[in-house]
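Visitor: This is the structure, below, for whatever I ask next.
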Amino acid sequence: MDVLPLALHGVLQEDFYKRGNKSKVNTVLANLDVEVSNSFSEFYNTYEGPFWEEHVPYELLDMVEEDRNIQFYTDILRKVHKFPKNYLVLSELSANMVLILNTLTDKVYCMNFEDEDEQLLNGELKASWPTFYAFLEDYFGC
């Protein structure tokens, strides 16, 4: 299996999606103290967001660009909600819902903060996507 969906390169072919400084991504991952899948790493080392697609109605954050990025929201999740370090926030909060990646399993969740946060932490919440790769396929419709 390829690390990224092949059709993704066609969807994100515009120059403004091309990552300029790849070392920033590795620095953020080191700061967050997580290991991620090859698909996640390759995606964010290749492409720069944020991204918006209608297939999955969330703004997919960038790792480092913009003030409100994956690191920003993940830090909030860790400090305010006491989440362990293996969870990364992939989107802004939208209608009390957020996209969360479990870096240990590579599963992606749509989670609300009304009761699903506890379910996620207890291992009871069903993943919305089995892998980050599958999430990318759905998100970008490829």
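To be explicit about the labels: the chains of the structure tokens are called A, B, and onward in the order shown, and within each one the residues are counted from 1, while ligands get numbers from 1 in the order they are shown.
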Give me, as a list in words, all polymer residues having an atom no more than 10 Å from region 116-133 of chain A, counting only C-alpha atoms and skipping those fewer than 5 positions away in the same chain.

Guide: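 Contacts, with the query itself left out: Asp2, Val3, Leu4, Pro5, Val36, Ser37, Asn38, Ser39, Phe40, Phe43, His81, Phe83, Pro84, Tyr87, Met97, Leu99, Ile100, Leu101, Asn102, Thr103, Thr105, Asp106, Lys107, Val108, Tyr109, Cys110, Met111, Asp138 and Tyr139 of chain A.
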
Visitor: Go ahead and write the selection's residues with C-alpha atoms as a PDB file, in the first residue's frame.

Guide:
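What ended up in again-v9.pdb:
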ATOM      1  CA  ASP A   2       1.198   3.501  -0.768  1.00  0.00           C
ATOM      2  CA  VAL A   3       1.808   5.853   2.143  1.00  0.00           C
ATOM      3  CA  LEU A   4      -0.693   8.381   0.703  1.00  0.00           C
ATOM      4  CA  PRO A   5      -3.681   7.897  -1.616  1.00  0.00           C
ATOM      5  CA  VAL A  36       2.800   9.022  14.100  1.00  0.00           C
ATOM      6  CA  SER A  37       2.052   6.718  11.190  1.00  0.00           C
ATOM      7  CA  ASN A  38       3.927   6.972   7.912  1.00  0.00           C
ATOM      8  CA  SER A  39       0.778   8.347   6.253  1.00  0.00           C
ATOM      9  CA  PHE A  40       0.407  11.127   8.808  1.00  0.00           C
ATOM     10  CA  PHE A  43       0.991  13.991   4.515  1.00  0.00           C
ATOM     11  CA  HIS A  81      -9.240  18.053  29.366  1.00  0.00           C
ATOM     12  CA  PHE A  83      -5.952  13.871  27.571  1.00  0.00           C
ATOM     13  CA  PRO A  84      -2.863  11.656  27.308  1.00  0.00           C
ATOM     14  CA  TYR A  87      -4.233  12.044  21.087  1.00  0.00           C
ATOM     15  CA  MET A  97     -17.390  18.138  17.643  1.00  0.00           C
ATOM     16  CA  LEU A  99     -11.540  15.229  14.915  1.00  0.00           C
ATOM     17  CA  ILE A 100      -9.077  13.315  17.087  1.00  0.00           C
ATOM     18  CA  LEU A 101      -6.206  11.019  16.035  1.00  0.00           C
ATOM     19  CA  ASN A 102      -4.993   8.298  18.357  1.00  0.00           C
ATOM     20  CA  THR A 103      -1.307   8.103  17.418  1.00  0.00           C
ATOM     21  CA  THR A 105      -3.595   3.024  16.823  1.00  0.00           C
ATOM     22  CA  ASP A 106      -3.713   5.515  13.899  1.00  0.00           C
ATOM     23  CA  LYS A 107      -7.517   5.600  14.270  1.00  0.00           C
ATOM     24  CA  VAL A 108      -9.414   8.858  13.688  1.00  0.00           C
ATOM     25  CA  TYR A 109     -12.488   9.781  15.705  1.00  0.00           C
ATOM     26  CA  CYS A 110     -15.284  12.335  15.417  1.00  0.00           C
ATOM     27  CA  MET A 111     -15.797  13.171  19.068  1.00  0.00           C
ATOM     28  CA  ASP A 138     -12.727  10.158   2.693  1.00  0.00           C
ATOM     29  CA  TYR A 139     -11.742  13.716   3.536  1.00  0.00           C
TER      30      TYR A 139
END

Visitor: Using Å and a single decimal, report how far CA of Pro57 (chain A) sits from CA of Ala30 (chain A).

Guide: 29.0 Å

Visitor: Show which residues sit within 12 Å of Ser23 (chain A), as a ChimeraX atom specification. Count only C-alpha atoms, and ignore same-chain residues fewer than 3 positions away.

Guide: /A:19-20,26-30,41,44-46,63-64

Visitor: Check the DSSP output for the backbone and give back, as a PyMOL selection string, the residues of region 15-120 of chain A in alpha helix (DSSP H).

Guide: chain A and resi 22-32+38-46+70-81+116-120
